[in-house]
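Working notes for the structure below.
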Amino acid sequence: MSLVTGLLSHTLGRVLWLSGLRSGYHAQGSQAMEQDKALEVYDIIRTIRDPEKPNTLEELEVVTENCVEVHEIGDDEYLVIIRFTPTVPHCSLATLIGLCLRIKLQRCLPFKHKLEIYISEGTHTTEEDINKQINDKERVAAAMENPNLREIVEQCVTEPD
């Protein structure tokens with residue numbers, strides 16, 4: 001139900017903004033644009049499947065609308081910050097989930113962006129190490145060269161028919 005409410009709110013806000021009824025300071029327009037982008041990001045990541053379970057990350061509440069932040073950092077360029085919450089503090093697949101988030105967003109985001117992905121503070125026993133791994137471009141590239149790992153990521157990020 002909250003998803004439907006969020007989509008309705010997003011759509012109404014967009015209509016008002018495009019019609020000029022929601023005008024005002026540039027900061028308000030920028031903030032509305034950032035919120036629109038955050039919903040767009042969430043819509044992309046919510047369908048990623050968990051590596052161990054048949055559920056999506058949304059269903060397991062690993063990602064929520066509140067875990068996505070978007071900030072404008074230049075002309076049509078945005079900083080996207082994701083803070084996801086593993087299901088248990090010792091989740092052995094937290095790094096893989098972060099990798100799935102990164103790969104799906106790199107492939108699907110239609111706007112220029114810088115991406116930062118973190119485990120929500122205090123929700124994993126090795127969050128600092130995992131945060132370093134999933135935000136290191138060289139480690140991500142090396143991980144995706146592993147055929148077994150690449151296959152698992154593909155299974156998680158591919159949209160169901």
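The chains in the structure tokens are called A, B, ... from first to last as shown; in each chain the residues are counted from 1, and the ligands are counted from 1 in the order shown.
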Could you pull out the strand (DSSP E) residues of stretch 73-125 of chain A from DSSP and send them as a PyMOL selection string? chain A and resi 73-74+77-84+112-119
Same residues, N, CA, C and O atoms, saved as a tab-separated table (two decimals), in the first residue's frame:
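Saved the output as selection-v3.tsv:
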```tsv
chain	number	residue	atom	x	y	z
A	73	ILE	N	24.73	17.17	-8.07
A	73	ILE	CA	26.12	17.61	-7.87
A	73	ILE	C	26.65	18.41	-9.05
A	73	ILE	O	27.79	18.87	-9.03
A	74	GLY	N	25.84	18.58	-10.06
A	74	GLY	CA	26.23	19.36	-11.24
A	74	GLY	C	25.06	19.40	-12.20
A	74	GLY	O	23.97	18.92	-11.90
A	77	GLU	N	23.81	15.92	-13.24
A	77	GLU	CA	24.63	14.87	-12.64
A	77	GLU	C	24.25	14.75	-11.18
A	77	GLU	O	24.05	15.76	-10.50
A	78	TYR	N	24.12	13.52	-10.71
A	78	TYR	CA	23.59	13.27	-9.38
A	78	TYR	C	24.47	12.29	-8.60
A	78	TYR	O	25.06	11.39	-9.18
A	79	LEU	N	24.52	12.50	-7.30
A	79	LEU	CA	25.14	11.56	-6.38
A	79	LEU	C	24.02	10.68	-5.84
A	79	LEU	O	23.06	11.18	-5.26
A	80	VAL	N	24.14	9.37	-6.06
A	80	VAL	CA	23.15	8.41	-5.58
A	80	VAL	C	23.77	7.63	-4.43
A	80	VAL	O	24.84	7.03	-4.59
A	81	ILE	N	23.12	7.68	-3.28
A	81	ILE	CA	23.60	6.97	-2.09
A	81	ILE	C	22.55	5.94	-1.69
A	81	ILE	O	21.39	6.28	-1.50
A	82	ILE	N	23.00	4.69	-1.59
A	82	ILE	CA	22.12	3.60	-1.16
A	82	ILE	C	22.65	3.09	0.17
A	82	ILE	O	23.85	2.83	0.31
A	83	ARG	N	21.77	2.92	1.14
A	83	ARG	CA	22.12	2.29	2.42
A	83	ARG	C	21.18	1.10	2.61
A	83	ARG	O	20.01	1.28	2.91
A	84	PHE	N	21.73	-0.10	2.40
A	84	PHE	CA	20.89	-1.29	2.51
A	84	PHE	C	21.12	-2.00	3.83
A	84	PHE	O	22.15	-1.82	4.47
A	112	LYS	N	23.18	10.68	-15.60
A	112	LYS	CA	24.59	10.68	-15.20
A	112	LYS	C	24.66	10.70	-13.67
A	112	LYS	O	23.97	11.48	-13.02
A	113	HIS	N	25.50	9.82	-13.12
A	113	HIS	CA	25.50	9.67	-11.67
A	113	HIS	C	26.85	9.21	-11.13
A	113	HIS	O	27.66	8.64	-11.85
A	114	LYS	N	27.03	9.47	-9.86
A	114	LYS	CA	28.10	8.89	-9.06
A	114	LYS	C	27.38	8.04	-8.03
A	114	LYS	O	26.38	8.46	-7.46
A	115	LEU	N	27.86	6.84	-7.81
A	115	LEU	CA	27.14	5.87	-6.99
A	115	LEU	C	27.95	5.49	-5.75
A	115	LEU	O	29.13	5.15	-5.85
A	116	GLU	N	27.31	5.59	-4.59
A	116	GLU	CA	27.90	5.14	-3.33
A	116	GLU	C	26.91	4.18	-2.67
A	116	GLU	O	25.74	4.51	-2.52
A	117	ILE	N	27.42	3.01	-2.29
A	117	ILE	CA	26.57	1.98	-1.68
A	117	ILE	C	27.17	1.60	-0.35
A	117	ILE	O	28.37	1.31	-0.26
A	118	TYR	N	26.34	1.60	0.68
A	118	TYR	CA	26.80	1.28	2.04
A	118	TYR	C	25.81	0.35	2.72
A	118	TYR	O	24.62	0.35	2.41
A	119	ILE	N	26.33	-0.38	3.68
A	119	ILE	CA	25.47	-1.12	4.59
A	119	ILE	C	25.02	-0.13	5.66
A	119	ILE	O	25.82	0.67	6.14
```
Any idea what's packed within 8 Å of A:Leu99, counting only C-alpha atoms, ignoring anything in its chain fewer than 2 positions away? Could you give it as a PDB file with C-alpha atoms, in the first residue's frame?
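And here is the file that came out, out16.pdb:
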```pdb
ATOM      1  CA  THR A  95      28.976  -8.084  -0.341  1.00  0.00           C
ATOM      2  CA  LEU A  96      27.174  -9.933  -3.133  1.00  0.00           C
ATOM      3  CA  ILE A  97      23.992  -7.945  -2.487  1.00  0.00           C
ATOM      4  CA  LEU A 101      22.882  -3.172  -6.412  1.00  0.00           C
ATOM      5  CA  ARG A 102      25.887  -1.571  -8.105  1.00  0.00           C
ATOM      6  CA  ILE A 103      25.656  -3.615 -11.315  1.00  0.00           C
ATOM      7  CA  ILE A 134      31.515  -2.528  -2.890  1.00  0.00           C
ATOM      8  CA  VAL A 140      33.969  -4.713  -8.505  1.00  0.00           C
ATOM      9  CA  VAL A 153      24.711 -11.525 -10.131  1.00  0.00           C
TER      10      VAL A 153
END
```
Which residues in chain A does DSSP call helix (DSSP H, G or I)? List them as a PyMOL selection string. chain A and resi 2-19+26-45+65-67+94-108+127-134+137-145+147-157
Two-atom distance - atom CA of A:Val63, atom CA of A:Val88 (Å):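 These atoms are spaced 13.5 Å apart.
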Can you measure atom CA of A:Cys67 to atom CA of A:Met144 for me? One decimal in Å is fine.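 Straight-line distance from atom CA of A:Cys67 to atom CA of A:Met144 works out to 24.8 Å.
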Write out as an MDAnalysis selection string each polymer residue whose atoms come within 12 Å of stretch 45-62 of chain A, counting only C-alpha atoms; drop sequence neighbours fewer than 2 positions from it. chainID A and resid 3 38:43 64:68 82:89 91:109 117:120 123 149:161
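Between atom CA of A:Asp129 and atom CA of A:Lys37 lies a distance of 28.3 Å.
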